[in-house]
Each structure stands twice: as structure tokens, then as C-alpha cells.
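This is run-v9.cif. It holds mmCIF, C-alpha atoms (C1' of nucleotides).
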```cif
data_work
loop_
_atom_site.label_atom_id
_atom_site.label_comp_id
_atom_site.auth_asym_id
_atom_site.auth_seq_id
_atom_site.Cartn_x
_atom_site.Cartn_y
_atom_site.Cartn_z
CA MET W 1 17.26 -4.79 -18.91
CA LYS W 2 18.17 -1.21 -18.22
CA LYS W 3 16.11 1.54 -16.75
CA ASN W 4 16.78 5.25 -17.07
CA LYS W 5 15.04 6.19 -13.86
CA LEU W 6 15.21 4.34 -10.59
CA SER W 7 12.74 4.89 -7.76
CA SER W 8 13.80 6.91 -4.72
CA ASN W 9 13.82 3.67 -2.85
CA MET W 10 16.22 1.95 -5.18
CA GLU W 11 18.48 4.98 -5.10
CA ASP W 12 18.53 4.67 -1.34
CA TYR W 13 19.80 1.12 -1.62
CA LEU W 14 22.54 2.16 -4.05
CA GLU W 15 23.56 4.95 -1.74
CA ALA W 16 23.65 2.65 1.25
CA ILE W 17 25.85 0.18 -0.61
CA ALA W 18 28.27 2.96 -1.56
CA VAL W 19 28.39 4.24 2.01
CA LEU W 20 29.12 0.78 3.39
CA LYS W 21 31.81 0.06 0.82
CA ALA W 22 33.47 3.34 1.70
CA LYS W 23 33.24 2.63 5.41
CA ASN W 24 33.84 -1.12 5.68
CA GLY W 25 35.37 -2.04 2.35
CA VAL W 26 32.45 -4.37 1.64
CA ALA W 27 28.65 -4.17 1.64
CA ARG W 28 26.67 -7.00 3.20
CA VAL W 29 22.93 -7.60 3.09
CA ARG W 30 22.67 -7.36 6.84
CA ASP W 31 24.33 -3.97 7.07
CA ILE W 32 22.33 -2.53 4.21
CA GLY W 33 19.21 -3.55 6.07
CA LYS W 34 20.41 -1.97 9.29
CA LEU W 35 21.35 1.27 7.56
CA LEU W 36 17.96 1.58 5.89
CA SER W 37 15.97 0.10 8.78
CA VAL W 38 14.44 -2.73 6.79
CA LYS W 39 14.56 -6.52 7.14
CA THR W 40 17.12 -8.52 5.24
CA SER W 41 14.41 -10.08 3.11
CA SER W 42 13.55 -6.62 1.83
CA VAL W 43 17.19 -6.06 0.97
CA THR W 44 17.39 -9.31 -0.98
CA SER W 45 14.27 -8.32 -2.85
CA ALA W 46 15.67 -4.89 -3.69
CA LEU W 47 18.98 -6.38 -4.79
CA ASN W 48 17.14 -8.60 -7.26
CA THR W 49 15.56 -5.56 -8.83
CA LEU W 50 18.87 -3.70 -8.93
CA SER W 51 20.62 -6.73 -10.41
CA LYS W 52 18.07 -7.07 -13.18
CA ASN W 53 18.71 -3.44 -14.06
CA SER W 54 22.49 -3.92 -13.91
CA PHE W 55 23.18 -1.52 -11.08
CA VAL W 56 24.62 -4.15 -8.75
CA ALA W 57 26.38 -7.47 -9.14
CA HIS W 58 25.38 -9.89 -6.44
CA GLU W 59 25.77 -13.64 -6.20
CA ARG W 60 23.95 -15.67 -3.60
CA TYR W 61 25.42 -15.27 -0.13
CA GLY W 62 28.15 -13.01 -1.46
CA TYR W 63 29.05 -9.40 -0.91
CA VAL W 64 27.18 -6.77 -2.83
CA GLU W 65 29.07 -4.98 -5.58
CA LEU W 66 28.11 -1.90 -7.55
CA THR W 67 28.45 -2.03 -11.32
CA LYS W 68 30.01 0.90 -13.12
CA GLU W 69 26.54 2.33 -13.69
CA GLY W 70 25.51 1.74 -10.14
CA GLU W 71 28.57 3.53 -8.89
CA VAL W 72 27.93 6.54 -11.08
CA LEU W 73 24.36 6.79 -9.89
CA ALA W 74 25.33 6.31 -6.25
CA GLN W 75 27.87 9.07 -6.53
CA GLN W 76 25.32 11.41 -8.02
CA VAL W 77 22.97 10.78 -5.14
CA GLN W 78 25.76 11.27 -2.63
CA ARG W 79 26.79 14.52 -4.24
CA ARG W 80 23.23 15.80 -4.00
CA HIS W 81 23.05 14.62 -0.40
CA ASP W 82 26.22 16.53 0.42
CA ILE W 83 24.96 19.74 -1.11
CA LEU W 84 21.79 19.55 0.94
CA ILE W 85 23.63 18.70 4.13
CA LYS W 86 25.95 21.62 3.64
CA PHE W 87 23.06 24.01 3.18
CA LEU W 88 21.11 22.67 6.12
CA THR W 89 23.95 22.47 8.61
CA ASP W 90 26.32 25.25 7.57
CA ILE W 91 23.81 27.86 6.56
CA LEU W 92 20.57 27.07 8.35
CA THR W 93 22.43 25.46 11.29
CA ILE W 94 20.03 22.55 11.50
CA ASP W 95 21.07 19.76 13.89
CA PRO W 96 23.20 17.21 12.02
CA LYS W 97 20.87 14.29 12.62
CA ILE W 98 17.77 16.13 11.45
CA ALA W 99 19.69 17.62 8.54
CA ASP W 100 20.64 14.13 7.44
CA GLU W 101 17.04 12.95 7.58
CA ASP W 102 15.83 15.96 5.62
CA ALA W 103 18.57 15.58 3.04
CA CYS W 104 17.57 11.94 2.51
CA LYS W 105 14.06 13.04 1.69
CA MET W 106 15.12 15.64 -0.87
CA GLU W 107 18.11 14.08 -2.55
CA HIS W 108 16.17 11.93 -5.00
CA THR W 109 13.59 14.28 -6.37
CA LEU W 110 14.67 17.89 -6.47
CA SER W 111 15.27 19.43 -9.89
CA PRO W 112 18.80 19.78 -11.26
CA GLN W 113 18.22 23.52 -11.45
CA THR W 114 17.64 23.71 -7.73
CA PHE W 115 20.78 21.74 -6.96
CA GLN W 116 22.81 23.94 -9.28
CA LYS W 117 21.56 27.19 -7.78
CA LEU W 118 21.88 25.88 -4.27
CA THR W 119 25.50 24.93 -4.88
CA LYS W 120 26.31 28.41 -6.11
CA PHE W 121 24.41 29.98 -3.28
CA ILE W 122 26.32 28.04 -0.64
CA GLU W 123 29.61 28.88 -2.28
CA PHE W 124 28.60 32.52 -2.48
CA ILE W 125 27.64 32.81 1.14
CA LYS W 126 30.48 30.74 2.54
CA THR W 127 33.30 32.48 0.73
CA CYS W 128 32.15 35.81 2.08
CA PRO W 129 35.28 37.00 3.84
CA ASP W 130 34.83 38.46 7.26
CA GLY W 131 35.91 42.06 7.62
CA GLN W 132 35.95 42.64 3.92
CA ARG W 133 32.20 42.33 3.65
CA PRO W 134 29.76 41.45 6.39
CA ASP W 135 29.78 37.82 7.46
CA TRP W 136 26.33 36.69 6.45
CA LEU W 137 26.30 33.56 8.49
CA LYS W 138 27.18 35.31 11.72
CA SER W 139 24.68 38.03 10.95
CA PHE W 140 21.97 35.49 10.31
CA ASP W 141 22.78 33.61 13.47
CA TYR W 142 22.56 36.86 15.45
CA HIS W 143 19.29 37.72 13.76
CA PHE W 144 17.86 34.26 14.37
CA LYS W 145 18.68 34.36 18.06
CA THR W 146 17.83 37.96 18.88
CA GLY W 147 15.44 39.05 16.15
CA ARG W 148 17.66 42.08 15.67
CA ARG W 149 20.26 43.03 13.11
CA ARG W 150 23.92 43.55 13.72
CA ARG W 151 25.35 47.02 13.48
CA CYS W 152 25.89 48.19 9.96
CA LYS W 153 29.51 48.84 9.19
CA ILE W 154 28.91 50.65 5.95
CA ARG W 155 26.59 53.16 7.50
CA GLU W 156 29.04 53.76 10.31
CA LEU W 157 31.89 54.28 7.92
CA LYS W 158 29.83 56.70 5.91
CA GLN W 159 29.09 58.64 9.06
CA LYS W 160 32.79 58.82 9.86
CA LEU W 161 33.56 60.13 6.41
CA LYS W 162 31.02 62.87 6.78
CA MET W 163 32.38 63.93 10.12
CA LEU W 164 35.89 64.35 8.81
CA MET E 1 -11.42 6.54 13.04
CA LYS E 2 -8.78 9.21 13.33
CA LYS E 3 -5.18 9.17 12.31
CA ASN E 4 -2.46 11.45 13.59
CA LYS E 5 -0.31 11.18 10.51
CA LEU E 6 -1.51 11.16 6.93
CA SER E 7 0.63 9.97 4.03
CA SER E 8 2.18 12.54 1.71
CA ASN E 9 -0.30 11.38 -0.85
CA MET E 10 -3.32 12.07 1.28
CA GLU E 11 -1.92 15.47 2.20
CA ASP E 12 -1.70 16.21 -1.50
CA TYR E 13 -5.39 15.49 -1.88
CA LEU E 14 -6.27 17.76 1.03
CA GLU E 15 -4.15 20.52 -0.42
CA ALA E 16 -5.73 20.15 -3.85
CA ILE E 17 -9.20 20.39 -2.34
CA ALA E 18 -8.26 23.56 -0.48
CA VAL E 19 -6.75 25.09 -3.61
CA LEU E 20 -9.86 24.34 -5.65
CA LYS E 21 -12.22 25.68 -3.02
CA ALA E 22 -10.21 28.89 -2.90
CA LYS E 23 -10.17 29.17 -6.67
CA ASN E 24 -13.61 27.92 -7.71
CA GLY E 25 -15.63 28.00 -4.52
CA VAL E 26 -16.15 24.24 -4.73
CA ALA E 27 -14.01 21.14 -5.17
CA ARG E 28 -15.15 18.42 -7.58
CA VAL E 29 -13.72 14.96 -8.07
CA ARG E 30 -12.86 15.70 -11.67
CA ASP E 31 -10.86 18.82 -10.89
CA ILE E 32 -8.99 17.18 -8.06
CA GLY E 33 -7.97 14.46 -10.47
CA LYS E 34 -6.84 16.98 -13.05
CA LEU E 35 -4.82 18.95 -10.53
CA LEU E 36 -3.03 15.87 -9.26
CA SER E 37 -2.83 14.11 -12.63
CA VAL E 38 -4.68 10.99 -11.54
CA LYS E 39 -7.89 9.33 -12.77
CA THR E 40 -11.17 10.10 -11.07
CA SER E 41 -11.35 6.57 -9.72
CA SER E 42 -8.18 7.23 -7.80
CA VAL E 43 -9.71 10.38 -6.38
CA THR E 44 -12.82 8.52 -5.23
CA SER E 45 -10.62 5.97 -3.59
CA ALA E 46 -8.58 8.62 -1.80
CA LEU E 47 -11.72 10.43 -0.67
CA ASN E 48 -12.96 7.25 0.95
CA THR E 49 -9.79 7.04 2.97
CA LEU E 50 -9.96 10.72 3.92
CA SER E 51 -13.63 10.39 4.87
CA LYS E 52 -12.94 7.43 7.13
CA ASN E 53 -10.36 9.55 8.90
CA SER E 54 -12.71 12.54 9.12
CA PHE E 55 -10.66 14.93 7.03
CA VAL E 56 -13.30 15.40 4.36
CA ALA E 57 -17.08 15.19 4.17
CA HIS E 58 -18.22 13.76 0.88
CA GLU E 59 -21.54 12.32 -0.16
CA ARG E 60 -21.95 10.39 -3.38
CA TYR E 61 -21.90 12.60 -6.45
CA GLY E 62 -21.61 15.70 -4.32
CA TYR E 63 -18.97 18.36 -3.90
CA VAL E 64 -16.03 17.62 -1.65
CA GLU E 65 -15.89 19.47 1.66
CA LEU E 66 -13.07 19.72 4.15
CA THR E 67 -13.85 19.11 7.79
CA LYS E 68 -12.44 21.44 10.39
CA GLU E 69 -9.52 19.07 10.86
CA GLY E 70 -9.01 18.71 7.16
CA GLU E 71 -8.90 22.44 6.76
CA VAL E 72 -6.33 22.86 9.50
CA LEU E 73 -4.10 20.25 7.95
CA ALA E 74 -4.53 21.65 4.45
CA GLN E 75 -3.55 25.08 5.68
CA GLN E 76 -0.45 23.73 7.35
CA VAL E 77 0.63 22.09 4.12
CA GLN E 78 -0.08 25.25 2.16
CA ARG E 79 1.92 27.34 4.58
CA ARG E 80 4.88 25.00 4.19
CA HIS E 81 4.46 25.09 0.43
CA ASP E 82 4.54 28.89 0.46
CA ILE E 83 7.71 29.03 2.51
CA LEU E 84 9.46 26.72 0.08
CA ILE E 85 8.18 28.57 -2.97
CA LYS E 86 9.40 31.83 -1.55
CA PHE E 87 12.86 30.45 -0.93
CA LEU E 88 13.11 28.79 -4.32
CA THR E 89 11.79 31.66 -6.41
CA ASP E 90 12.80 34.79 -4.49
CA ILE E 91 16.18 33.69 -3.25
CA LEU E 92 17.41 30.96 -5.57
CA THR E 93 15.47 32.41 -8.53
CA ILE E 94 14.24 29.03 -9.69
CA ASP E 95 11.66 29.09 -12.49
CA PRO E 96 8.17 29.24 -10.98
CA LYS E 97 6.96 25.99 -12.51
CA ILE E 98 9.98 24.00 -11.36
CA ALA E 99 9.88 25.71 -7.96
CA ASP E 100 6.30 24.57 -7.56
CA GLU E 101 7.17 20.98 -8.41
CA ASP E 102 10.09 20.97 -6.01
CA ALA E 103 8.04 22.53 -3.24
CA CYS E 104 5.41 19.81 -3.68
CA LYS E 105 8.06 17.19 -3.09
CA MET E 106 9.37 18.76 0.10
CA GLU E 107 6.28 20.17 1.75
CA HIS E 108 5.17 16.94 3.40
CA THR E 109 8.31 15.60 4.92
CA LEU E 110 10.80 18.25 5.96
CA SER E 111 11.36 18.74 9.68
CA PRO E 112 9.66 21.59 11.55
CA GLN E 113 13.09 22.87 12.48
CA THR E 114 14.03 23.30 8.85
CA PHE E 115 10.83 25.18 8.08
CA GLN E 116 11.36 27.43 11.05
CA LYS E 117 14.93 28.28 10.16
CA LEU E 118 14.12 28.70 6.52
CA THR E 119 11.37 31.17 7.35
CA LYS E 120 13.75 33.27 9.41
CA PHE E 121 16.43 33.04 6.78
CA ILE E 122 14.14 34.31 4.04
CA GLU E 123 12.96 37.13 6.22
CA PHE E 124 16.55 38.01 7.10
CA ILE E 125 17.76 38.14 3.55
CA LYS E 126 14.73 39.84 2.07
CA THR E 127 14.57 42.69 4.56
CA CYS E 128 18.15 43.60 3.84
CA PRO E 129 17.84 47.22 2.79
CA ASP E 130 19.77 48.34 -0.24
CA GLY E 131 22.33 51.07 0.38
CA GLN E 132 22.38 50.53 4.07
CA ARG E 133 23.92 47.11 3.76
CA PRO E 134 24.74 45.24 0.57
CA ASP E 135 21.76 43.79 -1.24
CA TRP E 136 22.42 40.08 -0.93
CA LEU E 137 20.05 38.98 -3.58
CA LYS E 138 21.47 41.26 -6.22
CA SER E 139 24.98 40.28 -5.20
CA PHE E 140 24.12 36.61 -5.48
CA ASP E 141 22.51 37.11 -8.86
CA TYR E 142 25.62 38.88 -10.08
CA HIS E 143 27.81 36.15 -8.67
CA PHE E 144 25.67 33.41 -10.21
CA LYS E 145 25.79 34.97 -13.66
CA THR E 146 29.40 36.14 -13.78
CA GLY E 147 31.20 34.03 -11.21
CA ARG E 148 32.59 37.27 -9.81
CA ARG E 149 31.78 39.36 -6.80
CA ARG E 150 30.46 42.87 -6.79
CA ARG E 151 32.71 45.64 -5.63
CA CYS E 152 33.04 45.81 -1.88
CA LYS E 153 31.77 49.04 -0.46
CA ILE E 154 33.23 48.53 2.98
CA ARG E 155 36.72 47.98 1.71
CA GLU E 156 36.46 51.03 -0.50
CA LEU E 157 35.24 53.16 2.37
CA LYS E 158 38.08 51.93 4.54
CA GLN E 159 40.55 52.86 1.85
CA LYS E 160 39.08 56.33 1.68
CA LEU E 161 39.40 56.74 5.43
CA LYS E 162 43.07 55.81 5.32
CA MET E 163 43.77 58.20 2.54
CA LEU E 164 42.33 61.13 4.42
"C1'" DT T 1 -38.56 15.18 -22.06
"C1'" DT T 2 -35.72 12.20 -23.95
"C1'" DA T 3 -31.01 11.55 -25.79
"C1'" DA T 4 -26.24 12.68 -25.53
"C1'" DT T 5 -22.45 14.01 -22.80
"C1'" DA T 6 -20.00 14.67 -18.69
"C1'" DT T 7 -18.98 13.24 -14.21
"C1'" DG T 8 -18.58 9.90 -10.38
"C1'" DT T 9 -18.39 5.06 -8.55
"C1'" DT T 10 -17.28 0.26 -8.18
"C1'" DA T 11 -14.82 -3.95 -8.87
"C1'" DG T 12 -10.84 -5.99 -9.78
"C1'" DA T 13 -5.89 -5.91 -11.57
"C1'" DT T 14 -1.18 -4.11 -11.13
"C1'" DT T 15 3.02 -2.22 -9.08
"C1'" DT T 16 6.10 -1.19 -5.37
"C1'" DA T 17 7.82 -1.87 -1.03
"C1'" DT T 18 7.44 -3.87 2.86
"C1'" DC T 19 6.72 -7.75 6.30
"C1'" DT T 20 6.72 -12.75 8.64
"C1'" DA T 21 7.95 -17.38 8.80
"C1'" DA T 22 10.29 -21.26 7.12
"C1'" DC T 23 14.33 -22.68 5.21
"C1'" DA T 24 19.38 -22.76 3.47
"C1'" DA T 25 24.08 -21.61 3.67
"C1'" DA T 26 28.17 -19.80 5.88
"C1'" DT T 27 30.77 -18.80 9.96
"C1'" DA T 28 32.16 -19.36 14.67
"C1'" DA T 29 32.48 -22.04 18.86
"C1'" DA T 30 32.53 -26.36 21.40
"C1'" DT D 1 34.15 -31.99 13.13
"C1'" DT D 2 29.86 -31.52 14.81
"C1'" DT D 3 26.84 -28.07 16.76
"C1'" DA D 4 25.20 -23.44 17.42
"C1'" DT D 5 24.77 -18.91 15.70
"C1'" DT D 6 24.63 -15.63 12.31
"C1'" DT D 7 23.47 -14.33 7.84
"C1'" DG D 8 20.93 -14.72 3.49
"C1'" DT D 9 16.98 -16.49 0.64
"C1'" DT D 10 12.42 -17.82 -0.64
"C1'" DA D 11 7.49 -17.94 -0.58
"C1'" DG D 12 3.54 -15.83 0.42
"C1'" DA D 13 0.83 -11.99 2.80
"C1'" DT D 14 -0.20 -7.14 3.36
"C1'" DA D 15 -0.77 -2.19 2.39
"C1'" DA D 16 -0.81 1.96 -0.45
"C1'" DA D 17 -1.60 4.07 -4.68
"C1'" DT D 18 -2.57 3.68 -8.95
"C1'" DC D 19 -4.94 1.94 -13.26
"C1'" DT D 20 -8.80 0.02 -16.69
"C1'" DA D 21 -13.33 -1.13 -17.78
"C1'" DA D 22 -18.03 -1.43 -16.73
"C1'" DC D 23 -21.57 0.83 -14.71
"C1'" DA D 24 -24.47 4.69 -12.38
"C1'" DT D 25 -25.90 9.23 -11.84
"C1'" DA D 26 -26.11 14.18 -13.22
"C1'" DT D 27 -26.16 17.74 -16.46
"C1'" DT D 28 -26.77 19.74 -20.97
"C1'" DA D 29 -28.78 20.20 -25.32
"C1'" DA D 30 -32.04 18.82 -29.03
#
```
Conversion result in C-alpha cells:
Amino acid sequence: MKKNKLSSNMEDYLEAIAVLKAKNGVARVRDIGKLLSVKTSSVTSALNTLSKNSFVAHERYGYVELTKEGEVLAQQVQRRHDILIKFLTDILTIDPKIADEDACKMEHTLSPQTFQKLTKFIEFIKTCPDGQRPDWLKSFDYHFKTGRRRRCKIRELKQKLKML
Amino acid sequence: MKKNKLSSNMEDYLEAIAVLKAKNGVARVRDIGKLLSVKTSSVTSALNTLSKNSFVAHERYGYVELTKEGEVLAQQVQRRHDILIKFLTDILTIDPKIADEDACKMEHTLSPQTFQKLTKFIEFIKTCPDGQRPDWLKSFDYHFKTGRRRRCKIRELKQKLKML
DNA sequence: TTAATATGTTAGATTTATCTAACAAATAAA
DNA sequence: TTTATTTGTTAGATAAATCTAACATATTAA
């Protein structure tokens, strides 16, 4: 009983299970519910669906385990979440809590192409060495706060050259 | 019977109505259904909900009209859609069709803070004048395609200065 | 102007995700 | 080891969004 595409909701449960295992060593129904802000009965219900599709292994009253497949999928979701968080916090400087909420909304549905380009874009902007070329992030921060642009080093250097 | 917060789904219907009115002058049930890829019965059902909440005015077998409130909300959604499209196509150079799909997924739920920062960010990057400071978009495109960075004008100018 | 076609509506079923309330099992405390 | 508390499950209800199929109204064409 496999499925190639889980709902955003089911992906959320997988992700929550992975997060809890990483944090506490085990994932319990109660904690999954707390993390996702749903009642435990909703968790049980979701786990039944995920079990039928072989993404989790769960016996009554036991801890929740991810299958190999479940783990792979959870990791994919987490990777996408991380990319989004990085963009939102490091580049747009969104508050961490809001960034996390926004990332949760996007992580399930955005196209692979967008994730790929976004990854490259982040890497491109963040590895921009200060001094060697202008520091985009600082420039953007300055622009966001003041509405103005920072002084342009290239132009100034060109001026100097001319004067010599 | 007002509501302060419509579901993403209902916002989609409002947006579709606005798009059709702009394009064809009128919005018909059939065309709304086509645009959103749902059956006309689903549209009728949605219009009932929107009517009850005073976002549309719709009499049986007639054209669909937005109320003042509906129009305001539709415009807000469209504005958010445009911001996202601009970022995805102009900066990340995502294919227009995919960009549109992705924008549709984000436009209803992202935080105001993210939209605000994103708007500024786009403006900041796009008004970067070529020659005066490095053209970020071209540099990113080069980096995305080759994995390398373009030559650094500042460093070269500094070298020249030293040599003199 | 009637018949054919297109469009819109209604009723009722289905799916997904949630909830409450009653119950069952496991764990902790007395 | 009983009792109390916490945790997990089940059954059944609810809400949103969709669908199909039958029907109603408009529009177009003969």
C-alpha cells in the first residue's frame, strides 16, 4: 500500500517525528501532537494513514518509528525547510519565529526548480567576501533601514585612478 | 455575516474573479472553474460561501460581481502574487509557468513581514546600476551556470592603484 | 420558434483533517 | 500493590472542498 505523494499534512507528521527523534531519541504520540498543535486522537489517526503507506512503524502504545522510506521523505522535507529558513533569516532577516512559520507553509509545495535556484542564490550571496566585492547583505540591510545606498567603492576607486 | 479571514481556497476564487473581470470584462461560473481546474458545481458552492460573507454579489445564472470588500481582498492577493512572481522570475529566473504555480501556493499564507522585506529586496537588487556597482543578477546568472564568480572589479582596481 | 447545445444549480457522496468524549493501557505515586 | 495520573485509542461528529449525476435555465442555430 504505497503512495508516491503524501499530503502536506502527512509530511508535517513525518517531519515532526524526525525532529522529536533527533531531539529526544524517541517520538511519542503526545509530543507529536504538541509540536503540531493537534489532539492526540488526530495523531493516532494520522499514524494509521502513515502506517498503511509504510512510512512509519507503530505498534499500539509504543514509540513511533520511521521506516526507511519515511526517513528519506522526512529528510527531504527538513532539507527544504532549512533552505527556506536560511533565505528568510540570513538574507531577508525575518524574525526566526515568523521565518519558521513561513518555511513550514512553503516546504511541502514549492517546485524543485525553485529550491535548486534558491540554494544557489543563498550560496552566491553568502560567500560574497567583504572587501573583495561589496557585501550584499550589509548593503541590503543599510538600504532597508535608510532607503539609501551605501557608497560605491568602484566608482570611488575609478575617481582616484583618474586623479592620479 | 462577515468573516475576517477567508481560507486560501476562497481567496483563490476571489482572485480568479478579479483576473477574469480584468481580462474579459465579466466573470462567469464556467471560466472561474476552468481557471481553477474545478467543476462548475464547485464554483457555485464556493460562490454561495463568498456571497454569505459579502465578498461577491451573484444572482442565479448571472455574472459574478465582487463587492467592495471582495475587490479589496482580491487586490491584496494579486499584489502579493505579483511580488512573488517578480522575485521568482526576475531574480531566481524560474520558468514563468512554474513561478506562477509557486506564487499561487505562497500568496495566501506568507507573513506580512516577509512580503515587506521581499519587496525591498527586489527593489534593492533590481535598481543596482550596471557599471556603477556590479550587476548582481548577471553575476548570479553566471555563477548559477558556471559555478564560478565573475572577475572582481574592485580587486582589480585596487591592484592598479598599488602598481602606480 | 422550436430544438440542440452550453451553462449553471442542486442534492447527495466522498475525502481529508480535525475535534470531543468515552474508554483502555501504561506509568508513577501512595 | 492498589490507586491516581498520564498517555494512547476508538467511535462518531463536524467542516471544508471537492466530485458525479440529475435537473434547470440560457443561448445559439436550424
Using the chain letters and residue numbers of this document, give as an MDAnalysis selection string the residues selected by the PyMOL selection byres ((chain T) within 12 of (chain W)). chainID T and resid 16:21 24:27
Near DA24 of chain D, within 10 Å and counting only C-alpha atoms (C1' of nucleotides), which residues show up once chain neighbours fewer than 5 positions away are dropped, as an NGL selection string? :T and (8-10)
File dump, residues just selected, C-alpha atoms (C1' of nucleotides), as an mmCIF file, keeping the file's coordinate frame:
```cif
data_model
loop_
_atom_site.group_PDB
_atom_site.id
_atom_site.type_symbol
_atom_site.label_atom_id
_atom_site.label_comp_id
_atom_site.auth_asym_id
_atom_site.auth_seq_id
_atom_site.Cartn_x
_atom_site.Cartn_y
_atom_site.Cartn_z
ATOM 1 C "C1'" DG T 8 -18.580 9.900 -10.380
ATOM 2 C "C1'" DT T 9 -18.390 5.060 -8.550
ATOM 3 C "C1'" DT T 10 -17.280 0.260 -8.180
#
```
Per residue of segment 3-107 of chain W within 8 Å of segment 100-109 of chain E, record the nearest atom pair and its distance in Å to one decimal, counting only C-alpha atoms, with rows in chain order and ascending residue number, as CSV.
```
residue,atom,partner,partner_atom,distance
W:Asp102,CA,E:Thr109,CA,7.6
W:Lys105,CA,E:Thr109,CA,7.1
W:Met106,CA,E:Met106,CA,6.6
```
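Residues from chain D found within 10 Å of chain E are DA16, DA17, DT18, DC19, DT20, DT25 and DA26 of chain D, counting all atoms listed in the file.
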Write out as a count of residues only the residues lying within 12 Å of DA28 of chain T, counting all atoms listed in the file and excluding same-chain residues fewer than 3 positions away. 4
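Nearest to chain E of all the residues W:Ser8, W:Gln75, W:Ile32, W:Val19 is W:Ser8, counting all atoms listed in the file.
Counting only C-alpha atoms (C1' of nucleotides), Ile98 of chain E has the following residues at most 10 Å away, ignoring those fewer than 6 positions along the same chain: Leu110, Ser111, Pro112, Gln113 and Thr114 of chain W; Ile85, Leu88, Thr89 and Cys104 of chain E.
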I would like the residues chosen by the PyMOL selection byres ((chain T and resi 5) around 8) on the shown file; could you give them as an MDAnalysis selection string? (chainID T and resid 4 6) or (chainID D and resid 28)
Nearby residues, (4.4, -17.3, 4.1) file frame, 12 Å, all atoms listed in the file, as a PyMOL selection string: (chain T and resi 19-23) or (chain D and resi 10-14)
Using the file's own x, y and z axes, so that the box edges lie along x, y and z, what centre and edge lengths in Å (one decimal) does a box around every listed atom of segment 1-13 of chain T get when 8 Å is added on each side? Give it as JSON.
```
{"center_x": -22.2, "center_y": 4.6, "center_z": -17.0, "size_x": 48.7, "size_y": 37.2, "size_z": 33.6}
```
For Asn4 of chain W, list every protein, DNA or RNA residue within 12 Å, evaluated using all atoms listed in the file, and leave out those in the same chain fewer than 5 positions away; present the list as a CSV table (one decimal) with C-alpha atoms, in the frame of the given file.
```
chain,number,residue,atom,x,y,z
W,53,ASN,CA,18.7,-3.4,-14.1
W,54,SER,CA,22.5,-3.9,-13.9
W,55,PHE,CA,23.2,-1.5,-11.1
W,69,GLU,CA,26.5,2.3,-13.7
W,70,GLY,CA,25.5,1.7,-10.1
W,73,LEU,CA,24.4,6.8,-9.9
```
Selection in question (the file shown): the PyMOL selection byres ((chain W and resi 57) around 12). Which residues does it include, as an mmCIF file with C-alpha atoms, keeping the file's coordinate frame?
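Full text of selection03.cif as output:
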```
data_model
loop_
_atom_site.group_PDB
_atom_site.id
_atom_site.type_symbol
_atom_site.label_atom_id
_atom_site.label_comp_id
_atom_site.auth_asym_id
_atom_site.auth_seq_id
_atom_site.Cartn_x
_atom_site.Cartn_y
_atom_site.Cartn_z
ATOM 1 C CA LEU W 14 22.540 2.160 -4.050
ATOM 2 C CA ILE W 17 25.850 0.180 -0.610
ATOM 3 C CA ALA W 27 28.650 -4.170 1.640
ATOM 4 C CA LEU W 47 18.980 -6.380 -4.790
ATOM 5 C CA ASN W 48 17.140 -8.600 -7.260
ATOM 6 C CA THR W 49 15.560 -5.560 -8.830
ATOM 7 C CA LEU W 50 18.870 -3.700 -8.930
ATOM 8 C CA SER W 51 20.620 -6.730 -10.410
ATOM 9 C CA LYS W 52 18.070 -7.070 -13.180
ATOM 10 C CA ASN W 53 18.710 -3.440 -14.060
ATOM 11 C CA SER W 54 22.490 -3.920 -13.910
ATOM 12 C CA PHE W 55 23.180 -1.520 -11.080
ATOM 13 C CA VAL W 56 24.620 -4.150 -8.750
ATOM 14 C CA HIS W 58 25.380 -9.890 -6.440
ATOM 15 C CA GLU W 59 25.770 -13.640 -6.200
ATOM 16 C CA ARG W 60 23.950 -15.670 -3.600
ATOM 17 C CA TYR W 61 25.420 -15.270 -0.130
ATOM 18 C CA GLY W 62 28.150 -13.010 -1.460
ATOM 19 C CA TYR W 63 29.050 -9.400 -0.910
ATOM 20 C CA VAL W 64 27.180 -6.770 -2.830
ATOM 21 C CA GLU W 65 29.070 -4.980 -5.580
ATOM 22 C CA LEU W 66 28.110 -1.900 -7.550
ATOM 23 C CA THR W 67 28.450 -2.030 -11.320
ATOM 24 C CA LYS W 68 30.010 0.900 -13.120
ATOM 25 C CA GLU W 69 26.540 2.330 -13.690
ATOM 26 C CA GLY W 70 25.510 1.740 -10.140
ATOM 27 C CA GLU W 71 28.570 3.530 -8.890
#
```
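Between atom CA of Lys126 of chain W and atom CA of Leu84 of chain W lies a distance of 14.3 Å.
Across W:Thr119, W:Leu92, W:Thr146, W:Met10, the tightest approach to chain E is made by W:Leu92 when counting only C-alpha atoms.
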Just give me the residues with any atom within 6 Å of (22.3, 9.4, -4.1), file coordinates, counting all atoms listed in the file, written as a PDB file with C-alpha atoms, in the coordinates of the input.
```pdb
ATOM      1  CA  GLU W  11      18.480   4.980  -5.100  1.00  0.00           C
ATOM      2  CA  GLU W  15      23.560   4.950  -1.740  1.00  0.00           C
ATOM      3  CA  ALA W  74      25.330   6.310  -6.250  1.00  0.00           C
ATOM      4  CA  GLN W  76      25.320  11.410  -8.020  1.00  0.00           C
ATOM      5  CA  VAL W  77      22.970  10.780  -5.140  1.00  0.00           C
ATOM      6  CA  GLN W  78      25.760  11.270  -2.630  1.00  0.00           C
TER       7      GLN W  78
END
```
By how many Å are atom CA of Phe87 of chain W and atom CA of Asn24 of chain W apart? 27.5 Å
Atom CA of Ile83 of chain W to atom CA of Leu6 of chain E, distance in Å rounded to a single decimal: 29.0 Å
Dump segment 9-25 of chain D with C-alpha atoms (C1' of nucleotides) to a file, as a short mmCIF file (atom, residue, chain, number, x, y, z; two decimals), in the first residue's frame.
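Below you can see result31.cif, which holds the result:
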```
data_model
loop_
_atom_site.label_atom_id
_atom_site.label_comp_id
_atom_site.auth_asym_id
_atom_site.auth_seq_id
_atom_site.Cartn_x
_atom_site.Cartn_y
_atom_site.Cartn_z
"C1'" DT D 9 -7.03 4.58 21.19
"C1'" DT D 10 -11.59 4.26 19.36
"C1'" DA D 11 -16.01 5.75 17.75
"C1'" DG D 12 -18.60 9.10 15.98
"C1'" DA D 13 -19.38 14.16 14.74
"C1'" DT D 14 -18.08 18.22 12.13
"C1'" DA D 15 -16.23 21.21 8.48
"C1'" DA D 16 -14.15 22.28 4.03
"C1'" DA D 17 -13.58 21.26 -0.61
"C1'" DT D 18 -14.31 18.54 -3.98
"C1'" DC D 19 -16.91 15.28 -7.13
"C1'" DT D 20 -20.97 12.93 -10.02
"C1'" DA D 21 -25.42 12.85 -11.79
"C1'" DA D 22 -29.79 14.78 -12.47
"C1'" DC D 23 -32.01 18.77 -13.40
"C1'" DA D 24 -32.96 23.87 -14.76
"C1'" DT D 25 -32.16 27.82 -17.34
#
```
